[in-house]
file work.cif (mmCIF, C-alpha atoms (C1' of nucleotides))
data_input
#
loop_
_atom_site.label_atom_id
_atom_site.label_comp_id
_atom_site.auth_asym_id
_atom_site.auth_seq_id
_atom_site.Cartn_x
_atom_site.Cartn_y
_atom_site.Cartn_z
CA MET C 1 -37.40 -51.58 -78.74
CA SER C 2 -35.77 -48.96 -80.91
CA SER C 3 -32.96 -47.03 -79.37
CA PHE C 4 -35.10 -43.90 -79.82
CA THR C 5 -38.16 -45.07 -77.92
CA GLY C 6 -37.60 -44.50 -74.22
CA SER C 7 -39.50 -45.94 -71.29
CA TRP C 8 -42.42 -44.31 -69.52
CA GLN C 9 -41.57 -41.83 -66.79
CA THR C 10 -43.54 -39.49 -64.56
CA LEU C 11 -43.60 -35.85 -65.58
CA GLU C 12 -42.95 -33.82 -62.46
CA THR C 13 -45.44 -30.98 -62.09
CA SER C 14 -47.82 -29.55 -59.55
CA ALA C 15 -50.51 -29.20 -62.22
CA ARG C 16 -53.40 -31.64 -61.90
CA PHE C 17 -55.43 -32.82 -64.87
CA THR C 18 -58.45 -34.94 -65.69
CA ASP C 19 -58.69 -37.05 -68.84
CA SER C 20 -60.88 -34.36 -70.33
CA SER C 21 -58.78 -31.35 -69.31
CA LEU C 22 -55.63 -32.97 -70.73
CA ALA C 23 -57.48 -33.65 -73.99
CA GLU C 24 -58.65 -30.04 -74.03
CA LEU C 25 -55.08 -28.81 -73.48
CA ILE C 26 -53.41 -30.71 -76.30
CA ASP C 27 -56.32 -31.39 -78.67
CA GLY C 28 -58.68 -28.50 -77.99
CA GLY C 29 -57.81 -26.12 -80.79
CA GLN C 30 -54.40 -24.80 -79.73
CA ALA C 31 -52.33 -27.54 -81.40
CA PHE C 32 -53.11 -29.83 -84.30
CA ARG C 33 -50.52 -32.59 -84.05
CA TRP C 34 -51.74 -34.72 -81.13
CA ASN C 35 -53.52 -38.01 -81.79
CA GLN C 36 -55.25 -40.19 -79.25
CA LEU C 37 -53.88 -43.75 -79.05
CA SER C 38 -56.16 -45.02 -76.28
CA ASP C 39 -58.49 -43.56 -73.66
CA ASN C 40 -55.81 -41.69 -71.80
CA SER C 41 -52.76 -41.88 -74.07
CA TRP C 42 -51.64 -39.46 -76.78
CA ARG C 43 -48.90 -39.04 -79.36
CA GLY C 44 -47.75 -35.51 -80.12
CA GLN C 45 -45.21 -33.81 -82.34
CA TRP C 46 -43.72 -30.33 -82.51
CA ALA C 47 -40.46 -28.98 -83.94
CA ASN C 48 -38.17 -32.01 -84.26
CA ILE C 49 -39.73 -33.73 -81.26
CA ALA C 50 -42.21 -36.59 -80.90
CA VAL C 51 -43.49 -37.94 -77.57
CA GLU C 52 -46.22 -40.04 -76.08
CA LEU C 53 -48.11 -38.66 -73.10
CA LYS C 54 -50.67 -40.24 -70.83
CA HIS C 55 -52.82 -39.33 -67.87
CA VAL C 56 -52.69 -41.91 -65.11
CA PRO C 57 -54.71 -42.16 -61.88
CA ASP C 58 -53.63 -39.70 -59.19
CA SER C 59 -53.92 -36.87 -61.74
CA LYS C 60 -50.35 -37.50 -62.81
CA LEU C 61 -48.81 -37.37 -66.25
CA GLN C 62 -46.42 -39.92 -67.72
CA TRP C 63 -44.47 -39.58 -70.91
CA ARG C 64 -41.87 -41.19 -73.10
CA PRO C 65 -39.73 -39.87 -75.95
CA LEU C 66 -40.11 -41.19 -79.51
CA THR C 67 -37.26 -39.14 -80.95
CA PRO C 68 -33.66 -38.78 -79.75
CA ASP C 69 -32.53 -36.08 -77.36
CA VAL C 70 -35.96 -35.17 -75.99
CA THR C 71 -35.86 -34.18 -72.34
CA ALA C 72 -38.56 -33.72 -69.74
CA ALA C 73 -37.60 -30.04 -69.84
CA ASN C 74 -38.56 -29.88 -73.53
CA LEU C 75 -42.00 -31.29 -72.78
CA ARG C 76 -42.51 -29.19 -69.67
CA GLN C 77 -41.62 -26.08 -71.65
CA TYR C 78 -44.08 -26.97 -74.45
CA LEU C 79 -46.87 -27.73 -72.00
CA ALA C 80 -46.04 -24.60 -69.96
CA LEU C 81 -45.49 -26.74 -66.87
CA ASP C 82 -41.96 -25.56 -66.26
CA ASN C 83 -42.55 -22.62 -63.95
CA GLU C 84 -45.21 -20.85 -61.92
CA GLU C 85 -46.12 -18.38 -64.63
CA PRO C 86 -49.28 -20.12 -65.83
CA ASP C 87 -50.63 -20.06 -62.27
CA LEU C 88 -49.95 -16.33 -62.14
CA HIS C 89 -51.92 -15.85 -65.35
CA LEU C 90 -54.78 -17.70 -63.71
CA ASP C 91 -54.50 -15.62 -60.56
CA VAL C 92 -54.93 -12.28 -62.34
CA LEU C 93 -58.13 -13.39 -64.11
CA PRO C 94 -61.34 -11.94 -62.59
CA TRP C 95 -62.75 -15.33 -61.50
CA ARG C 96 -63.48 -13.98 -58.03
CA SER C 97 -66.15 -11.68 -59.47
CA ASP C 98 -67.08 -13.70 -62.57
CA PRO C 99 -69.09 -16.86 -61.77
CA HIS C 100 -69.10 -18.19 -65.32
CA LEU C 101 -65.32 -17.92 -65.63
CA ARG C 102 -64.93 -19.55 -62.21
CA LYS C 103 -67.09 -22.46 -63.36
CA CYS C 104 -65.04 -22.91 -66.56
CA ILE C 105 -61.77 -22.88 -64.61
CA SER C 106 -62.96 -25.59 -62.22
CA ALA C 107 -64.20 -27.70 -65.13
CA PHE C 108 -60.79 -27.90 -66.85
CA PRO C 109 -58.07 -28.21 -64.21
CA GLY C 110 -54.60 -27.60 -65.57
CA LEU C 111 -55.72 -25.93 -68.79
CA ARG C 112 -53.19 -23.35 -69.93
CA ILE C 113 -51.70 -21.75 -73.03
CA LEU C 114 -49.20 -24.03 -74.77
CA ARG C 115 -45.82 -22.70 -75.89
CA GLN C 116 -45.62 -23.79 -79.51
CA PRO C 117 -43.02 -22.95 -82.14
CA PHE C 118 -43.97 -19.74 -83.94
CA GLY C 119 -43.57 -20.96 -87.52
CA GLU C 120 -45.71 -24.05 -87.20
CA THR C 121 -48.36 -22.20 -85.21
CA LEU C 122 -48.66 -19.77 -88.11
CA LEU C 123 -49.03 -22.68 -90.52
CA GLY C 124 -51.66 -24.37 -88.38
CA PHE C 125 -53.87 -21.33 -88.08
CA LEU C 126 -53.55 -20.48 -91.77
CA CYS C 127 -55.18 -23.89 -92.24
CA SER C 128 -57.90 -23.16 -89.69
CA ALA C 129 -60.25 -20.83 -91.56
CA THR C 130 -63.79 -22.35 -91.51
CA LYS C 131 -62.33 -25.73 -90.58
CA GLN C 132 -62.91 -27.89 -87.55
CA ILE C 133 -60.04 -29.38 -85.57
CA VAL C 134 -60.24 -32.83 -87.14
CA GLN C 135 -59.89 -31.37 -90.62
CA ILE C 136 -57.03 -29.05 -89.66
CA LYS C 137 -55.21 -32.06 -88.21
CA GLN C 138 -55.58 -33.90 -91.51
CA MET C 139 -54.15 -30.96 -93.44
CA MET C 140 -51.18 -30.72 -91.08
CA ALA C 141 -50.53 -34.48 -91.29
CA LEU C 142 -50.54 -34.35 -95.09
CA LEU C 143 -48.29 -31.29 -95.15
CA ALA C 144 -45.81 -33.02 -92.85
CA GLU C 145 -45.90 -36.32 -94.71
CA ARG C 146 -45.58 -34.86 -98.19
CA HIS C 147 -43.49 -31.74 -97.66
CA GLY C 148 -41.79 -32.17 -94.30
CA THR C 149 -38.69 -33.96 -93.06
CA PRO C 150 -38.78 -37.50 -91.58
CA LEU C 151 -37.72 -37.65 -87.95
CA ALA C 152 -37.08 -41.26 -87.02
CA PRO C 153 -36.93 -44.61 -88.77
CA SER C 154 -40.35 -46.26 -88.86
CA GLU C 155 -38.70 -49.26 -87.13
CA SER C 156 -39.13 -47.41 -83.87
CA LEU C 157 -42.89 -47.84 -84.12
CA LYS C 158 -43.16 -51.49 -85.10
CA ASN C 159 -42.60 -52.65 -81.56
CA THR C 160 -45.24 -50.30 -80.25
CA LYS C 161 -47.73 -51.66 -82.73
CA SER C 162 -47.14 -55.29 -81.79
CA ASN C 163 -47.71 -54.40 -78.15
CA CYS C 164 -51.08 -52.75 -78.71
CA HIS C 165 -53.51 -55.66 -78.69
CA LEU C 166 -56.44 -53.58 -77.59
CA LEU C 167 -56.43 -51.04 -80.39
CA SER C 168 -58.76 -50.95 -83.38
CA ASP C 169 -57.69 -50.79 -87.02
CA ASN C 170 -58.40 -47.11 -86.91
CA ASP C 171 -55.90 -46.70 -84.10
CA PHE C 172 -53.32 -48.60 -86.12
CA ASP C 173 -53.65 -45.93 -88.77
CA LEU C 174 -52.64 -43.38 -86.19
CA ILE C 175 -49.78 -45.50 -84.95
CA ASP C 176 -48.58 -45.92 -88.50
CA ASP C 177 -48.40 -42.13 -88.72
CA LYS C 178 -44.84 -41.40 -89.58
CA LEU C 179 -42.76 -39.20 -87.33
CA VAL C 180 -42.26 -36.25 -89.62
CA MET C 181 -41.37 -32.61 -89.05
CA LEU C 182 -43.72 -30.07 -90.56
CA PRO C 183 -42.24 -28.28 -93.57
CA THR C 184 -40.37 -25.08 -92.77
CA TRP C 185 -41.54 -21.87 -94.44
CA GLU C 186 -38.46 -22.18 -96.62
CA GLN C 187 -39.61 -25.63 -97.76
CA LEU C 188 -43.14 -24.36 -98.32
CA ALA C 189 -41.83 -21.57 -100.54
CA ARG C 190 -40.33 -24.26 -102.78
CA THR C 191 -43.70 -26.00 -103.26
CA THR C 192 -46.42 -24.93 -105.67
CA GLU C 193 -49.99 -23.92 -104.89
CA GLY C 194 -51.14 -27.00 -106.78
CA GLU C 195 -49.09 -29.33 -104.58
CA LEU C 196 -50.50 -27.63 -101.50
CA ARG C 197 -54.06 -27.99 -102.78
CA ARG C 198 -53.49 -31.73 -102.86
CA CYS C 199 -53.06 -31.57 -99.08
CA GLN C 200 -56.79 -30.77 -98.73
CA LEU C 201 -56.06 -27.11 -98.14
CA GLY C 202 -58.64 -25.74 -100.59
CA PHE C 203 -58.54 -21.96 -100.91
CA ARG C 204 -56.06 -21.84 -98.02
CA ALA C 205 -53.36 -23.18 -100.36
CA ARG C 206 -53.06 -19.79 -102.05
CA TYR C 207 -52.70 -18.02 -98.69
CA ILE C 208 -50.04 -20.46 -97.47
CA LYS C 209 -48.04 -20.16 -100.68
CA GLY C 210 -48.44 -16.37 -100.52
CA THR C 211 -47.23 -16.28 -96.91
CA ALA C 212 -44.29 -18.57 -97.76
CA ASP C 213 -43.31 -16.28 -100.64
CA TYR C 214 -43.65 -13.21 -98.41
CA ILE C 215 -41.40 -14.73 -95.74
CA ALA C 216 -38.88 -15.82 -98.40
CA ALA C 217 -38.84 -12.25 -99.72
CA HIS C 218 -38.28 -10.83 -96.21
CA PRO C 219 -35.35 -12.76 -94.72
CA GLY C 220 -35.43 -12.80 -90.92
CA TRP C 221 -39.14 -11.91 -90.80
CA LEU C 222 -40.03 -14.82 -88.48
CA GLU C 223 -37.14 -14.14 -86.10
CA HIS C 224 -37.78 -10.39 -86.03
CA THR C 225 -41.54 -10.71 -85.54
CA ALA C 226 -40.91 -13.05 -82.61
CA THR C 227 -39.09 -10.21 -80.80
CA LEU C 228 -41.87 -7.63 -81.22
CA PRO C 229 -44.35 -6.64 -78.51
CA TYR C 230 -47.94 -7.76 -79.01
CA PRO C 231 -49.42 -4.80 -80.95
CA GLU C 232 -46.56 -4.71 -83.45
CA ALA C 233 -46.46 -8.50 -83.83
CA ARG C 234 -50.21 -8.52 -84.48
CA GLU C 235 -49.86 -5.83 -87.13
CA ALA C 236 -46.96 -7.66 -88.80
CA LEU C 237 -48.99 -10.89 -88.87
CA CYS C 238 -51.98 -9.13 -90.42
CA ASN C 239 -49.76 -8.13 -93.37
CA LEU C 240 -49.58 -11.79 -94.40
CA PRO C 241 -52.09 -13.03 -96.97
CA GLY C 242 -54.80 -15.10 -95.28
CA VAL C 243 -54.09 -13.66 -91.83
CA GLY C 244 -56.77 -11.38 -90.41
CA GLU C 245 -57.34 -10.28 -86.82
CA LYS C 246 -58.57 -13.65 -85.55
CA ILE C 247 -55.73 -15.75 -86.94
CA ALA C 248 -53.18 -13.09 -85.96
CA ASP C 249 -54.43 -13.26 -82.37
CA CYS C 250 -54.28 -17.08 -82.33
CA VAL C 251 -50.69 -17.05 -83.58
CA ALA C 252 -49.72 -14.25 -81.18
CA LEU C 253 -51.22 -16.18 -78.26
CA PHE C 254 -50.23 -19.79 -78.99
CA GLY C 255 -47.03 -19.20 -80.97
CA LEU C 256 -45.58 -16.05 -79.42
CA GLY C 257 -46.92 -16.23 -75.87
CA HIS C 258 -48.73 -12.89 -75.95
CA GLN C 259 -51.21 -13.65 -73.18
CA GLN C 260 -53.25 -10.50 -73.74
CA ALA C 261 -54.33 -11.61 -77.24
CA PHE C 262 -58.06 -12.44 -77.24
CA PRO C 263 -59.02 -14.28 -80.46
CA VAL C 264 -62.67 -13.80 -81.34
CA ASP C 265 -64.20 -16.45 -83.58
CA THR C 266 -67.81 -17.51 -84.03
CA TRP C 267 -67.61 -19.65 -80.86
CA MET C 268 -66.47 -16.67 -78.83
CA ILE C 269 -69.24 -14.50 -80.36
CA LYS C 270 -71.78 -17.11 -79.25
CA SER C 271 -70.18 -17.59 -75.83
CA MET C 272 -70.03 -13.90 -75.01
CA ALA C 273 -73.58 -13.36 -76.28
CA ARG C 274 -74.94 -16.23 -74.21
CA ARG C 275 -72.87 -15.99 -71.03
CA TYR C 276 -72.20 -12.25 -70.82
CA GLY C 277 -75.30 -10.82 -72.50
CA LEU C 278 -73.45 -9.38 -75.49
CA GLU C 279 -76.22 -10.15 -77.99
CA GLY C 280 -75.59 -8.71 -81.43
CA TRP C 281 -72.09 -7.44 -80.68
CA SER C 282 -69.56 -7.37 -83.54
CA PRO C 283 -66.25 -9.27 -83.32
CA THR C 284 -64.38 -5.99 -82.75
CA GLN C 285 -66.73 -5.04 -79.93
CA VAL C 286 -66.45 -8.47 -78.31
CA ALA C 287 -62.65 -8.30 -78.55
CA HIS C 288 -62.66 -4.92 -76.82
CA PHE C 289 -64.96 -6.20 -74.06
CA GLY C 290 -62.71 -9.25 -73.61
CA ARG C 291 -59.53 -7.22 -73.24
CA VAL C 292 -61.16 -4.84 -70.72
CA HIS C 293 -62.99 -7.49 -68.69
CA PHE C 294 -60.34 -10.22 -68.61
CA GLY C 295 -57.19 -8.06 -68.62
CA PRO C 296 -53.59 -9.05 -69.39
CA SER C 297 -54.35 -12.81 -69.37
CA ALA C 298 -57.41 -12.50 -71.62
CA GLY C 299 -56.08 -15.25 -73.88
CA LEU C 300 -56.25 -17.80 -71.07
CA ALA C 301 -59.80 -16.75 -70.25
CA GLN C 302 -60.69 -17.20 -73.90
CA GLN C 303 -59.31 -20.75 -73.80
CA TYR C 304 -61.42 -21.65 -70.74
CA LEU C 305 -64.59 -20.16 -72.28
CA PHE C 306 -63.86 -21.95 -75.54
CA ALA C 307 -63.39 -25.29 -73.76
CA TRP C 308 -66.70 -24.81 -71.95
CA GLU C 309 -68.64 -24.12 -75.15
CA ARG C 310 -67.04 -27.10 -76.89
CA ALA C 311 -68.00 -29.38 -74.01
CA HIS C 312 -71.56 -28.08 -73.89
CA GLY C 313 -72.21 -27.95 -77.63
CA GLY C 314 -73.25 -24.31 -77.42
CA ARG C 315 -76.09 -25.14 -75.01
"C1'" DT F 1 -74.45 -49.67 -96.32
"C1'" DG F 2 -73.85 -45.94 -99.46
"C1'" DA F 3 -75.06 -41.76 -101.48
"C1'" DC F 4 -76.13 -36.87 -100.66
"C1'" DA F 5 -76.69 -32.25 -98.99
"C1'" DG F 6 -75.52 -28.94 -95.69
"C1'" DG F 7 -72.38 -26.43 -93.27
"C1'" DG F 8 -67.93 -25.11 -91.36
"C1'" DG F 9 -63.34 -21.88 -85.21
"C1'" DG F 10 -62.05 -16.75 -91.69
"C1'" DT F 11 -60.24 -13.56 -95.10
"C1'" DG F 12 -60.44 -10.55 -99.00
"C1'" DT F 13 -63.10 -7.72 -102.21
"C1'" DA B 1 -72.75 -9.32 -98.22
"C1'" DC B 2 -70.59 -13.09 -100.82
"C1'" DA B 3 -67.09 -15.93 -103.01
"C1'" DC B 4 -63.40 -18.95 -101.98
"C1'" DC B 5 -62.66 -24.74 -101.49
"C1'" DC B 6 -63.85 -29.30 -100.28
"C1'" DC B 7 -63.92 -32.60 -96.44
"C1'" DC B 8 -66.62 -34.09 -92.49
"C1'" DT B 9 -70.91 -35.22 -90.49
"C1'" DG B 10 -75.52 -36.40 -90.06
"C1'" DT B 11 -79.23 -38.35 -92.37
"C1'" DC B 12 -82.01 -40.76 -95.43
#

call {"tool": "encode", "arguments": {"input": "work.cif", "output": "structure tokens"}}
result
Amino acid sequence: MSSFTGSWQTLETSARFTDSSLAELIDGGQAFRWNQLSDNSWRGQWANIAVELKHVPDSKLQWRPLTPDVTAANLRQYLALDNEEPDLHLDVLPWRSDPHLRKCISAFPGLRILRQPFGETLLGFLCSATKQIVQIKQMMALLAERHGTPLAPSESLKNTKSNCHLLSDNDFDLIDDKLVMLPTWEQLARTTEGELRRCQLGFRARYIKGTADYIAAHPGWLEHTATLPYPEAREALCNLPGVGEKIADCVALFGLGHQQAFPVDTWMIKSMARRYGLEGWSPTQVAHFGRVHFGPSAGLAQQYLFAWERAHGGR
DNA sequence: TGACAGGGGGTGT
DNA sequence: ACACCCCCTGTC
């Protein structure tokens, strides 16, 4: 066993998950760097941290670090399990008078808004335009591998691999995934659009390079934007090339913790048309309805509705 | 099994 | 309204 790879331990939390609600939390469109290793076990990376996480009977979570200096507090912070705030967000949602929302909430116990690093959330959602989760994850993996910074010696994974008799070749590919930090915006500014295109980014490569150049030309932009209230942060994000209202709201919600952001994509258009009778409404109109109906935790409501539609294939 | 369309969680013009 | 890219998925 590598000195970096710790042993499994229980993650203390009052939150209760199912296999499916944990999958929805970490691999349901908020984050793009979690890969499933087995039925209930996942590997995830953010910032300079890599962990494995699994759901065990009794609704409990267990985890182990793959990189040095990771604490349970780091993971609990990322998963928003470290205080009562997520439960308060849930409490102010109008589930008492909204049967559909109540149904979604019961279907995905523990679902909440992750607290992800701002910079990499921006990168992830710049990759997301007209892409499904599996493709976004590929782009992020290539960006990390080719333009990021290695985290731990690959030795730390060899032992894991030899202990996994039950996994398929496909799973070995995932295990062989190197532990690599995503490139910083500074590193991205030093790449070329052509290099980025080779990471399967397509037309998004130009936007990412443009955003990297913009941030390089405005020192402190990331740090400053992170201090702004929601309306100003949203406006600042929309100044970036490739960032419109939808992506700005995703980054504000998942990367800056602005719980009132209500991203409206084609899934949300369909969901609100089908479940709330908003047939033919424009994205702007749906966003307005969402903010009024769901209130200051509209972003959490959006995540529950989104999970429901994903699970039911729009039916 | 392998090729082949079709379509995709958006933005910018 | 349509181009921008091109990988994934379903299907034959």

call {"tool": "resolve_selection", "arguments": {"input": "work.cif", "expression": "the PyMOL selection byres ((chain C) within 7 of (chain F))", "output": "NGL selection string"}}
result
:C and (129-132 or 242-244 or 265-267)

call {"tool": "closest_atom_pairs", "arguments": {"input": "work.cif", "of": "chain B", "to": "chain C", "cutoff": "10 Å", "atoms": "all atoms listed in the file", "output": "CSV"}}
result
residue,atom,partner,partner_atom,distance
B:DC4,C1',C:Phe203,CA,5.8
B:DC5,C1',C:Gly202,CA,4.2
B:DC6,C1',C:Gly202,CA,6.3
B:DC7,C1',C:Gln135,CA,7.2
B:DC8,C1',C:Gln135,CA,7.5

call {"tool": "closest_residue", "arguments": {"input": "work.cif", "among": "C:Gln187, C:Gln116, C:Asn239, C:Ser128", "to": "His258 in chain C", "atoms": "all atoms listed in the file"}}
result
C:Gln116

call {"tool": "atom_distance", "arguments": {"input": "work.cif", "atom1": "CA of Leu25 in chain C", "atom2": "CA of Gly110 in chain C"}}
result
8.0 Å

call {"tool": "resolve_selection", "arguments": {"input": "work.cif", "expression": "the PyMOL selection byres ((chain C and resi 10) around 8)", "output": "mmCIF file with C-alpha atoms, keeping the file's coordinate frame"}}
result
data_model
loop_
_atom_site.group_PDB
_atom_site.id
_atom_site.type_symbol
_atom_site.label_atom_id
_atom_site.label_comp_id
_atom_site.auth_asym_id
_atom_site.auth_seq_id
_atom_site.Cartn_x
_atom_site.Cartn_y
_atom_site.Cartn_z
ATOM 1 C CA TRP C 8 -42.420 -44.310 -69.520
ATOM 2 C CA GLN C 9 -41.570 -41.830 -66.790
ATOM 3 C CA LEU C 11 -43.600 -35.850 -65.580
ATOM 4 C CA GLU C 12 -42.950 -33.820 -62.460
ATOM 5 C CA LYS C 60 -50.350 -37.500 -62.810
ATOM 6 C CA LEU C 61 -48.810 -37.370 -66.250
ATOM 7 C CA GLN C 62 -46.420 -39.920 -67.720
ATOM 8 C CA TRP C 63 -44.470 -39.580 -70.910
#
